[in-house]
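Asker: This is the structure, below, for whatever I ask next.
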Protein chains: 2
Amino acid sequence: MKLQFHITMNEALFLRNPETSDLGKNILQHSVLLIHQNGFEAFTFKKLAEQIGTTETGIYRYFENKHKLLVYITAWYCCWLEFQIQYQTNNIKDPVVKLKRVINLLAKAAEDDEQTSYMDEGLLHQIVIAEGSKAYLTKQVSEDNKQQFFKPYKDLCATIGTFISECNPKYKYPRSLASTIIEMAHFQNFFMNNLPSLTDFGKKKEEAEIVAFLNDLVFSSLKKS
Amino acid sequence: MKLQFHITMNEALFLRNPETSDLGKNILQHSVLLIHQNGFEAFTFKKLAEQIGTTETGIYRYFENKHKLLVYITAWYCCWLEFQIQYQTNNIKDPVVKLKRVINLLAKAAEDDEQTSYMDEGLLHQIVIAEGSKAYLTKQVSEDNKQQFFKPYKDLCATIGTFISECNPKYKYPRSLASTIIEMAHFQNFFMNNLPSLTDFGKKKEEAEIVAFLNDLVFSSLKKS
DNA sequence: TCCCTATTGATAGTATTACTATCATAAATA
DNA sequence: TATTTATGATAGTAATACTATCAATAGGGA
């Protein structure tokens, strides 16, 4: 038996649910490939259509524009991560252990999850690192937010914030520290690989070093004085 | 006597030096205004040309494309900040005091510096918050880096890293902590104003809270144990 | 079996963007 | 006065980001 893991996405993100058809799944799968390959700026629905042997019209029936597709993909990643966190911290009581697992999940390259056939989580992780913030760094962020596009990100942040508060109930900035962990897990990775002098990881270029940095950062802050 | 403060920019960023002519200064000034108003995605050379009463051709003589203009603007901001830091920490010996001033400079809204007539540092700060990371989150980041486009950012990071090491010479991640401070000063501000549940500052929405968070984060990490 | 509907494909067309090229003109400079 | 230099005006192109229309096909129910 194979358990297929399913994520229900915000309906305002798409015109037709891409998870309900082969074409839809192809769109998701090859979007990830193409965005990873060419970057989000150079990514167009025309190129995507050519790649999967359909037409621009075909894509536009699923997604209004490439911005919503990016938001969809990053939101999907947040949902998947949230699930991974719930799964991997389930039955663990020590919040320190839980938080360490979270940092590991955030900072280490994801392996392709076979439960989700059409999504390559490794590539997805790379995309979120390099393009993820473009999903919200826009003029329409408030409207998008009203439509709950960023709920998965916020939920993730809330979950991590809860772990933080469990470690030290007196700590004053659980949510800000949570968003800092998330963003820095990604940015330090991008810097390490592209602008290494912005980090201390230029020589080895290992994700383990980012994990060590984040652990130090977080648990120094949470140390009860 | 009025001291005009001058920043020498990387020549590979422009085709003609915008600081040497009225048109050039107009381009810089109104770019900042327009990007702030419409966001970088909706910003075009045509709109910019209309706004300042010139033609697209006129702009293209100064900047190859809008990406280089954005890099120019963000690099200019880094240079200006670097100067502010040098100026405000000059003659101060205590590295803790120096670092606190840096955090203040990064997190608090800049006031328009009258030494630079055509640049509105307040708007510039807003632009760097919302659009700054788009300058390096691109596929060409490595080529841009080879041309030293990000040197001002790296220098800023190195300066702050030095202050960090002065606070605690044994601290292992001075550069990563520096880039974390810079990015988080901006991201927490963006989140506070646009996605407040990613922060702990939703109610008051005051920059002073970001300063407090960053101070706590940094000085917990640097506490000698 | 036939009808109906949903999905996809094919083609065309538009406004805008991101440029490049050419020529004219006015101001500064030598 | 001759000559650069900066700017302006106009035109044109390829690509992008869509929208509209119509045809083909496939599956499900009556």
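Naming scheme: A, B, ... for chains in displayed order of the structure tokens; residues 1 onward per chain; ligands 1 onward as shown.
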Up to 9 Å from chain C, what residues of chain A turn up? Count only C-alpha atoms (C1' of nucleotides) and give them as a list in words.

Answerer: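 Going by the stated atoms only, the list reads Thr54, Thr55, Thr57 and Gly58 of chain A.
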
Asker: Restricting it to N, CA and C atoms, dump the selection as a PDB file, in the first residue's frame.

Answerer:
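Contents of the output file part-v3.pdb:
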```pdb
ATOM      1  N   THR A  54       2.092  21.726 -24.384  1.00  0.00           N
ATOM      2  CA  THR A  54       0.733  22.266 -24.435  1.00  0.00           C
ATOM      3  C   THR A  54       0.852  23.717 -24.903  1.00  0.00           C
ATOM      4  N   THR A  55      -0.207  24.472 -24.769  1.00  0.00           N
ATOM      5  CA  THR A  55      -0.168  25.853 -25.221  1.00  0.00           C
ATOM      6  C   THR A  55      -0.296  26.798 -24.032  1.00  0.00           C
ATOM      7  N   THR A  57      -2.482  28.983 -23.536  1.00  0.00           N
ATOM      8  CA  THR A  57      -3.878  28.932 -23.093  1.00  0.00           C
ATOM      9  C   THR A  57      -4.083  27.860 -22.036  1.00  0.00           C
ATOM     10  N   GLY A  58      -3.475  26.714 -22.283  1.00  0.00           N
ATOM     11  CA  GLY A  58      -3.614  25.601 -21.361  1.00  0.00           C
ATOM     12  C   GLY A  58      -3.185  25.955 -19.954  1.00  0.00           C
TER      13      GLY A  58
END
```

Asker: Write down as a PyMOL selection string the residues of segment 103-133 of chain B whose backbone DSSP state falls under helix (DSSP H, G or I).

Answerer: chain B and resi 103-107+121-133

Asker: One decimal, Å: what's the distance from atom CA of Cys79 of chain B over to atom CA of Phe163 of chain B, could you say?

Answerer: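 Between atom CA of Cys79 of chain B and atom CA of Phe163 of chain B the gap is 17.4 Å.
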
Asker: With a distance threshold of 6 Å and counting only C-alpha atoms, extract the residues of chain A near chain B and express them as a PDB file with N, CA and C atoms, in the first residue's frame.

Answerer:
```pdb
ATOM      1  N   GLY A  39      15.410  30.679 -13.324  1.00  0.00           N
ATOM      2  CA  GLY A  39      15.057  31.762 -12.409  1.00  0.00           C
ATOM      3  C   GLY A  39      13.651  32.274 -12.695  1.00  0.00           C
ATOM      4  N   ALA A 130      15.923  30.716  -3.365  1.00  0.00           N
ATOM      5  CA  ALA A 130      16.308  31.771  -4.299  1.00  0.00           C
ATOM      6  C   ALA A 130      15.157  32.685  -4.710  1.00  0.00           C
ATOM      7  N   LEU A 137       7.317  39.933  -1.475  1.00  0.00           N
ATOM      8  CA  LEU A 137       7.927  41.268  -1.633  1.00  0.00           C
ATOM      9  C   LEU A 137       7.354  41.967  -2.862  1.00  0.00           C
ATOM     10  N   LYS A 139       3.990  44.819  -4.325  1.00  0.00           N
ATOM     11  CA  LYS A 139       3.065  45.890  -3.952  1.00  0.00           C
ATOM     12  C   LYS A 139       1.708  45.321  -3.537  1.00  0.00           C
ATOM     13  N   TYR A 173      10.061  37.340  21.984  1.00  0.00           N
ATOM     14  CA  TYR A 173       9.885  37.490  20.530  1.00  0.00           C
ATOM     15  C   TYR A 173       9.778  36.149  19.803  1.00  0.00           C
ATOM     16  N   ARG A 175       7.627  34.825  17.659  1.00  0.00           N
ATOM     17  CA  ARG A 175       7.299  34.843  16.240  1.00  0.00           C
ATOM     18  C   ARG A 175       8.406  35.472  15.401  1.00  0.00           C
ATOM     19  N   SER A 176       8.939  36.556  15.884  1.00  0.00           N
ATOM     20  CA  SER A 176      10.025  37.193  15.140  1.00  0.00           C
ATOM     21  C   SER A 176      11.236  36.269  15.071  1.00  0.00           C
ATOM     22  N   LEU A 198      29.473  37.054   2.811  1.00  0.00           N
ATOM     23  CA  LEU A 198      28.427  37.492   3.741  1.00  0.00           C
ATOM     24  C   LEU A 198      28.193  36.451   4.838  1.00  0.00           C
ATOM     25  N   THR A 199      28.961  35.368   4.802  1.00  0.00           N
ATOM     26  CA  THR A 199      28.792  34.308   5.802  1.00  0.00           C
ATOM     27  C   THR A 199      30.158  33.885   6.346  1.00  0.00           C
ATOM     28  N   ASP A 200      30.123  32.924   7.254  1.00  0.00           N
ATOM     29  CA  ASP A 200      31.358  32.332   7.757  1.00  0.00           C
ATOM     30  C   ASP A 200      31.512  30.905   7.247  1.00  0.00           C
ATOM     31  N   LEU A 217      22.462  30.685  17.518  1.00  0.00           N
ATOM     32  CA  LEU A 217      21.661  31.913  17.556  1.00  0.00           C
ATOM     33  C   LEU A 217      20.406  31.722  18.403  1.00  0.00           C
ATOM     34  N   SER A 220      21.091  30.610  22.267  1.00  0.00           N
ATOM     35  CA  SER A 220      21.612  31.721  23.071  1.00  0.00           C
ATOM     36  C   SER A 220      20.465  32.628  23.489  1.00  0.00           C
ATOM     37  N   SER A 221      19.588  32.908  22.536  1.00  0.00           N
ATOM     38  CA  SER A 221      18.464  33.799  22.831  1.00  0.00           C
ATOM     39  C   SER A 221      17.530  33.205  23.869  1.00  0.00           C
TER      40      SER A 221
END
```

Asker: Would you give me, as a Markdown table, each residue of chain D having an atom within 12 Å of an atom of chain B, along with its shortest atom pair and that distance in Å to one decimal, using only C-alpha atoms (C1' of nucleotides) and sorting by chain and residue number?

Answerer:
```
| residue | atom | partner | partner_atom | distance |
| --- | --- | --- | --- | --- |
| D:DT5 | C1' | B:Ser21 | CA | 12.0 |
| D:DA6 | C1' | B:Ser21 | CA | 9.3 |
| D:DT7 | C1' | B:Gly58 | CA | 7.0 |
| D:DG8 | C1' | B:Thr55 | CA | 7.2 |
| D:DA9 | C1' | B:Thr55 | CA | 8.4 |
| D:DT10 | C1' | B:Thr55 | CA | 10.7 |
```

Asker: Taking N, CA and C atoms (P, O5', C5', C4', C3', O3' and C1' of nucleotides) for each residue, export the selection above as a tab-separated table (two decimals), in the first residue's frame.

Answerer:
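Listed below is the output, again_17.tsv:
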```
chain	number	residue	atom	x	y	z
D	5	DT	P	33.79	64.05	-26.92
D	5	DT	O5'	32.41	64.50	-26.28
D	5	DT	C5'	32.34	65.72	-25.55
D	5	DT	C4'	30.91	65.94	-25.09
D	5	DT	C3'	30.16	64.64	-24.77
D	5	DT	O3'	29.74	64.73	-23.42
D	5	DT	C1'	28.85	66.10	-26.14
D	6	DA	P	28.84	63.68	-22.68
D	6	DA	O5'	27.42	64.37	-22.80
D	6	DA	C5'	27.22	65.66	-22.22
D	6	DA	C4'	25.77	66.04	-22.40
D	6	DA	C3'	24.78	64.94	-22.01
D	6	DA	O3'	23.81	65.49	-21.13
D	6	DA	C1'	24.37	65.66	-24.24
D	7	DT	P	22.66	64.63	-20.57
D	7	DT	O5'	21.52	64.87	-21.67
D	7	DT	C5'	21.01	66.18	-21.84
D	7	DT	C4'	20.11	66.23	-23.05
D	7	DT	C3'	18.86	65.34	-22.98
D	7	DT	O3'	17.74	66.17	-22.76
D	7	DT	C1'	19.86	65.36	-25.15
D	8	DG	P	16.27	65.54	-22.60
D	8	DG	O5'	15.75	65.56	-24.11
D	8	DG	C5'	15.93	66.74	-24.87
D	8	DG	C4'	15.27	66.58	-26.23
D	8	DG	C3'	13.96	65.77	-26.21
D	8	DG	O3'	13.02	66.48	-27.01
D	8	DG	C1'	15.49	64.81	-27.76
D	9	DA	P	11.54	66.02	-27.20
D	9	DA	O5'	11.57	65.27	-28.60
D	9	DA	C5'	12.10	65.93	-29.75
D	9	DA	C4'	11.86	65.05	-30.96
D	9	DA	C3'	10.59	64.19	-30.87
D	9	DA	O3'	9.87	64.33	-32.08
D	9	DA	C1'	12.48	62.82	-31.31
D	10	DT	P	8.46	63.62	-32.32
D	10	DT	O5'	8.85	62.33	-33.16
D	10	DT	C5'	9.77	62.46	-34.23
D	10	DT	C4'	10.10	61.10	-34.80
D	10	DT	C3'	8.95	60.09	-34.73
D	10	DT	O3'	8.64	59.67	-36.05
D	10	DT	C1'	10.99	59.11	-33.99
```

Asker: In Å to one decimal, how far is atom CA of Pro18 of chain B from atom CA of Tyr87 of chain B?

Answerer: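 Computing it gives 25.5 Å between the two atoms.
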
Asker: What's the 10 Å shell around His6 of chain A, counting only C-alpha atoms (C1' of nucleotides), without same-chain residues fewer than 4 positions away, as a list in words?

Answerer: Glu19, Cys79, Trp80, Gln115 and Thr116 of chain A

Asker: Can you write just those residues out, C-alpha atoms, as an mmCIF file, in the first residue's frame?

Answerer:
```cif
data_model
loop_
_atom_site.group_PDB
_atom_site.id
_atom_site.type_symbol
_atom_site.label_atom_id
_atom_site.label_comp_id
_atom_site.auth_asym_id
_atom_site.auth_seq_id
_atom_site.Cartn_x
_atom_site.Cartn_y
_atom_site.Cartn_z
ATOM 1 C CA GLU A 19 -3.904 18.555 -8.574
ATOM 2 C CA CYS A 79 2.415 23.103 3.944
ATOM 3 C CA TRP A 80 4.757 20.236 3.210
ATOM 4 C CA GLN A 115 4.711 10.409 -1.257
ATOM 5 C CA THR A 116 4.307 13.351 -3.600
#
```

Asker: Which residues come within 9 Å of Met119 of chain A, counting only C-alpha atoms (C1' of nucleotides), excluding same-chain residues fewer than 6 positions away, as a ChimeraX atom specification?

Answerer: /A:25,28-29,32,112-113

Asker: When you draw a straight line from atom CA of Ile85 of chain B to atom CA of Val102 of chain B, how long is it in Å?

Answerer: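 Interatomic distance here is 6.3 Å.
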